[in-house]
Structures are given as C-alpha cells and as structure tokens.
>>> print(open('work_21.txt').read())   # compact mmCIF, C-alpha atoms
# COMPACT_ATOMS: atom_id res chain seq x y z
CA GLN A 243 18.65 -2.05 -8.15
CA GLU A 244 15.50 -0.06 -7.58
CA GLN A 245 13.13 -2.06 -5.42
CA LEU A 246 10.03 -1.70 -3.33
CA VAL A 247 9.65 -4.58 -0.92
CA GLU A 248 6.32 -5.23 0.76
CA SER A 249 5.69 -7.36 3.81
CA GLY A 250 2.97 -8.08 6.32
CA GLY A 251 0.38 -9.85 4.22
CA ASP A 252 -1.36 -12.76 5.93
CA LEU A 253 -4.58 -14.68 6.46
CA VAL A 254 -6.83 -12.99 9.02
CA GLN A 255 -10.40 -13.35 10.18
CA ALA A 256 -13.00 -10.73 9.40
CA GLY A 257 -12.85 -7.93 11.93
CA GLY A 258 -9.14 -8.43 12.47
CA SER A 259 -6.19 -6.18 11.75
CA LEU A 260 -2.98 -6.30 9.74
CA LYS A 261 -0.15 -3.87 9.14
CA LEU A 262 1.60 -3.81 5.78
CA SER A 263 5.06 -2.37 5.30
CA CYS A 264 6.89 -1.23 2.20
CA ALA A 265 10.55 -0.30 2.05
CA ALA A 266 12.17 1.47 -0.87
CA SER A 267 15.75 0.70 -1.82
CA ARG A 268 18.26 3.54 -1.54
CA SER A 269 18.49 3.69 -5.33
CA ILE A 270 14.94 5.04 -5.53
CA VAL A 271 15.29 8.80 -5.23
CA GLY A 272 13.05 11.79 -5.69
CA ILE A 273 10.02 10.19 -4.03
CA THR A 274 7.07 12.59 -4.04
CA ALA A 275 4.43 10.19 -2.76
CA MET A 276 4.01 6.57 -1.70
CA GLY A 277 0.90 4.51 -1.52
CA TRP A 278 -0.96 1.26 -1.81
CA TYR A 279 -3.07 -0.35 -4.49
CA ARG A 280 -4.78 -3.72 -4.43
CA GLN A 281 -5.96 -6.27 -6.93
CA ALA A 282 -8.53 -8.93 -6.18
CA PRO A 283 -8.93 -12.02 -8.37
CA ASP A 284 -10.54 -11.19 -11.72
CA LYS A 285 -10.60 -7.48 -10.91
CA GLU A 286 -8.52 -4.51 -11.96
CA ARG A 287 -5.92 -3.01 -9.69
CA GLU A 288 -7.46 -0.23 -7.59
CA PHE A 289 -6.19 2.64 -5.49
CA VAL A 290 -6.29 2.20 -1.71
CA ALA A 291 -4.33 5.00 -0.06
CA ALA A 292 -1.47 7.42 -0.58
CA ILE A 293 0.70 9.73 1.48
CA TYR A 294 2.51 12.72 0.03
CA SER A 295 5.77 14.42 0.86
CA SER A 296 3.73 17.13 2.58
CA GLY A 297 2.28 14.50 4.90
CA SER A 298 -1.20 14.75 3.51
CA THR A 299 -3.07 11.53 2.87
CA LYS A 300 -5.76 10.25 0.55
CA TYR A 301 -7.98 7.19 0.87
CA ASP A 302 -10.43 5.33 -1.27
CA ASP A 303 -13.93 5.57 0.18
CA SER A 304 -14.04 1.81 0.70
CA VAL A 305 -11.23 1.94 3.29
CA ALA A 306 -11.59 5.42 4.79
CA GLY A 307 -11.97 5.19 8.54
CA ARG A 308 -10.63 1.63 8.66
CA PHE A 309 -7.17 1.95 7.11
CA ALA A 310 -4.40 4.37 8.02
CA ILE A 311 -1.33 5.12 5.93
CA SER A 312 1.86 6.43 7.48
CA ARG A 313 5.51 6.83 6.60
CA ASN A 314 8.89 7.05 8.22
CA LYS A 315 10.79 10.31 8.60
CA ALA A 316 13.14 9.55 5.71
CA PHE A 317 10.11 8.92 3.48
CA ASN A 318 11.54 5.69 2.14
CA SER A 319 9.11 3.42 3.95
CA VAL A 320 5.35 3.45 4.05
CA TYR A 321 2.92 1.49 6.19
CA LEU A 322 -0.74 0.58 5.95
CA GLN A 323 -2.57 -0.21 9.17
CA MET A 324 -5.70 -2.12 8.25
CA ASN A 325 -8.43 -2.50 10.87
CA SER A 326 -11.93 -3.97 10.79
CA LEU A 327 -10.96 -6.09 7.82
CA LYS A 328 -13.69 -7.47 5.61
CA PRO A 329 -13.67 -10.44 3.21
CA GLU A 330 -13.90 -7.94 0.34
CA ASP A 331 -10.51 -6.56 1.38
CA THR A 332 -8.96 -9.82 0.17
CA ALA A 333 -6.44 -8.98 -2.55
CA VAL A 334 -2.80 -8.69 -3.44
CA TYR A 335 -1.63 -5.35 -2.06
CA TYR A 336 0.97 -3.47 -4.05
CA CYS A 337 3.18 -0.64 -2.89
CA LYS A 338 3.75 2.26 -5.29
CA ALA A 339 6.22 5.12 -5.23
CA TRP A 340 5.74 8.20 -7.33
CA THR A 341 9.12 9.75 -8.12
CA SER A 342 10.52 12.56 -10.20
CA TRP A 343 11.81 9.86 -12.56
CA GLY A 344 8.67 7.76 -12.89
CA ASP A 345 6.56 5.35 -10.92
CA ARG A 346 7.86 2.26 -9.14
CA TRP A 347 5.90 -0.80 -8.04
CA GLY A 348 6.52 -3.57 -5.57
CA GLN A 349 5.84 -7.23 -6.18
CA GLY A 350 2.81 -7.38 -3.92
CA THR A 351 1.80 -9.10 -0.69
CA GLN A 352 -1.28 -11.28 -0.28
CA VAL A 353 -3.97 -10.32 2.21
CA THR A 354 -6.73 -12.84 2.75
CA VAL A 355 -9.69 -12.12 5.02
CA SER A 356 -11.83 -15.09 5.96
CA SER A 357 -15.48 -14.73 6.91
>>> encode(input="work_21.txt", output="structure tokens")
Amino acid sequence: QEQLVESGGDLVQAGGSLKLSCAASRSIVGITAMGWYRQAPDKEREFVAAIYSSGSTKYDDSVAGRFAISRNKAFNSVYLQMNSLKPEDTAVYYCKAWTSWGDRWGQGTQVTVSS
C-alpha cells in the first residue's frame, strides 16, 4: 500500500521549534520531489516547502529563513525543521510526494503554536 506517514506534530509555544518527519512506503517509487503543505482552520491548503531530487529547495515567503527542509539519502523520507514558530503557523501539515506516476499525500499532522 502506498503511504506517506507524517509525525512530529505537537503543541508548542511561540518562538519554539518542532521537527516534522515524513516517511514514504517502499511501494511509492519514482519520487521526483517531496514537500510540505499546511491547512489552517477555514483556510485553503497552502504550499510550505519542497525539496527536489537535485537537492534544491523552495520555500514559501512566510517560512523562508525559519523553516528548513531536508531529506534522507534514499529520498524516501523528508523532514521539516521549524524554528521561531508563530501562532499563525498553526495548521495541519501534510506531506506530499511528486512521483512519475502521480502525486501522493499523507494524512497530516497537527501543529499548534500557542501565543
């Protein structure tokens, strides 16, 4: 079964840090990029960060300089180090894998930042 499993979401105070992890099952092949999106209550899902097979990265302006995306060597796991968290970072964070056979999504992990 093709799965992306996220972990690491938690409740944290403003200014704190969290690290999210996402692991792709072995059945997901042909990954060309992995990344993170987030969805806050009553808002649309939005792009956060992505890392490509080349190693290059892309960030939304709202997180640039605070968040860092990385991957493992096998490129079947991706991580999101989140620093200087703000209450507006509160959302469900979803992992996404772009593959040669289509996109895959995880179930999401809740990040809550208290003020």
>>> closest_residue(input="work_21.txt", among="A:Ile270, A:Leu262, A:Ala316, A:Ala333", to="Trp347 of chain A", atoms="only C-alpha atoms")
A:Ile270
>>> closest_residue(input="work_21.txt", among="A:Ala292, A:Ala266, A:Ala282, A:Ala310", to="Val334 of chain A", atoms="only C-alpha atoms")
A:Ala282
>>> closest_residue(input="work_21.txt", among="A:Lys338, A:Lys285, A:Arg313, A:Lys328", to="Ser357 of chain A", atoms="only C-alpha atoms")
A:Lys328
>>> residues_around(input="work_21.txt", residues="segment 253-260 of chain A", least_positions_apart="3", cutoff="9 Å", atoms="only C-alpha atoms", output="NGL selection string")
:A and (250 or 322-329 or 352-357)
>>> atom_distance(input="work_21.txt", atom1="atom CA of Thr351 of chain A", atom2="atom CA of Thr299 of chain A")
21.5 Å
>>> atom_distance(input="work_21.txt", atom1="atom CA of Asp345 of chain A", atom2="atom CA of Gly297 of chain A")
18.8 Å
>>> closest_residue(input="work_21.txt", among="A:Val290, A:Ala275, A:Ala306, A:Ala265", to="Gln245 of chain A", atoms="all atoms listed in the file")
A:Ala265
>>> closest_residue(input="work_21.txt", among="A:Gly277, A:Asn314, A:Pro283, A:Lys261", to="Lys300 of chain A", atoms="all atoms listed in the file")
A:Gly277
>>> atom_distance(input="work_21.txt", atom1="atom CA of Ala291 of chain A", atom2="atom CA of Ser342 of chain A")
19.5 Å
>>> closest_residue(input="work_21.txt", among="A:Gln281, A:Ser319, A:Ser249, A:Ser312", to="Ser298 of chain A", atoms="all atoms listed in the file")
A:Ser312
>>> residues_near_point(input="work_21.txt", point="(4.2, -1.4, -6.5)", cutoff="7 Å", atoms="all atoms listed in the file", output="PDB file with C-alpha atoms, in the frame of the given file")
ATOM      1  CA  LEU A 246      10.030  -1.700  -3.330  1.00  0.00           C
ATOM      2  CA  TYR A 336       0.970  -3.470  -4.050  1.00  0.00           C
ATOM      3  CA  CYS A 337       3.180  -0.640  -2.890  1.00  0.00           C
ATOM      4  CA  LYS A 338       3.750   2.260  -5.290  1.00  0.00           C
ATOM      5  CA  ALA A 339       6.220   5.120  -5.230  1.00  0.00           C
ATOM      6  CA  ARG A 346       7.860   2.260  -9.140  1.00  0.00           C
ATOM      7  CA  TRP A 347       5.900  -0.800  -8.040  1.00  0.00           C
ATOM      8  CA  GLY A 348       6.520  -3.570  -5.570  1.00  0.00           C
ATOM      9  CA  GLN A 349       5.840  -7.230  -6.180  1.00  0.00           C
ATOM     10  CA  GLY A 350       2.810  -7.380  -3.920  1.00  0.00           C
TER      11      GLY A 350
END
>>> axis_aligned_box(input="work_21.txt", around="segment 276-295 of chain A", padding_each_side="8 Å", output="lines of an AutoDock Vina configuration file")
center_x = -2.4
center_y = 1.2
center_z = -5.2
size_x = 32.4
size_y = 42.4
size_z = 29.4
>>> residues_around(input="work_21.txt", residues="Trp343 of chain A", least_positions_apart="5", cutoff="9 Å", atoms="all atoms listed in the file", output="PyMOL selection string")
chain A and resi 271-273
>>> write_last_selection(input="work_21.txt", atoms="C-alpha atoms", output="PDB file, in the frame of the given file")
ATOM      1  CA  VAL A 271      15.290   8.800  -5.230  1.00  0.00           C
ATOM      2  CA  GLY A 272      13.050  11.790  -5.690  1.00  0.00           C
ATOM      3  CA  ILE A 273      10.020  10.190  -4.030  1.00  0.00           C
TER       4      ILE A 273
END
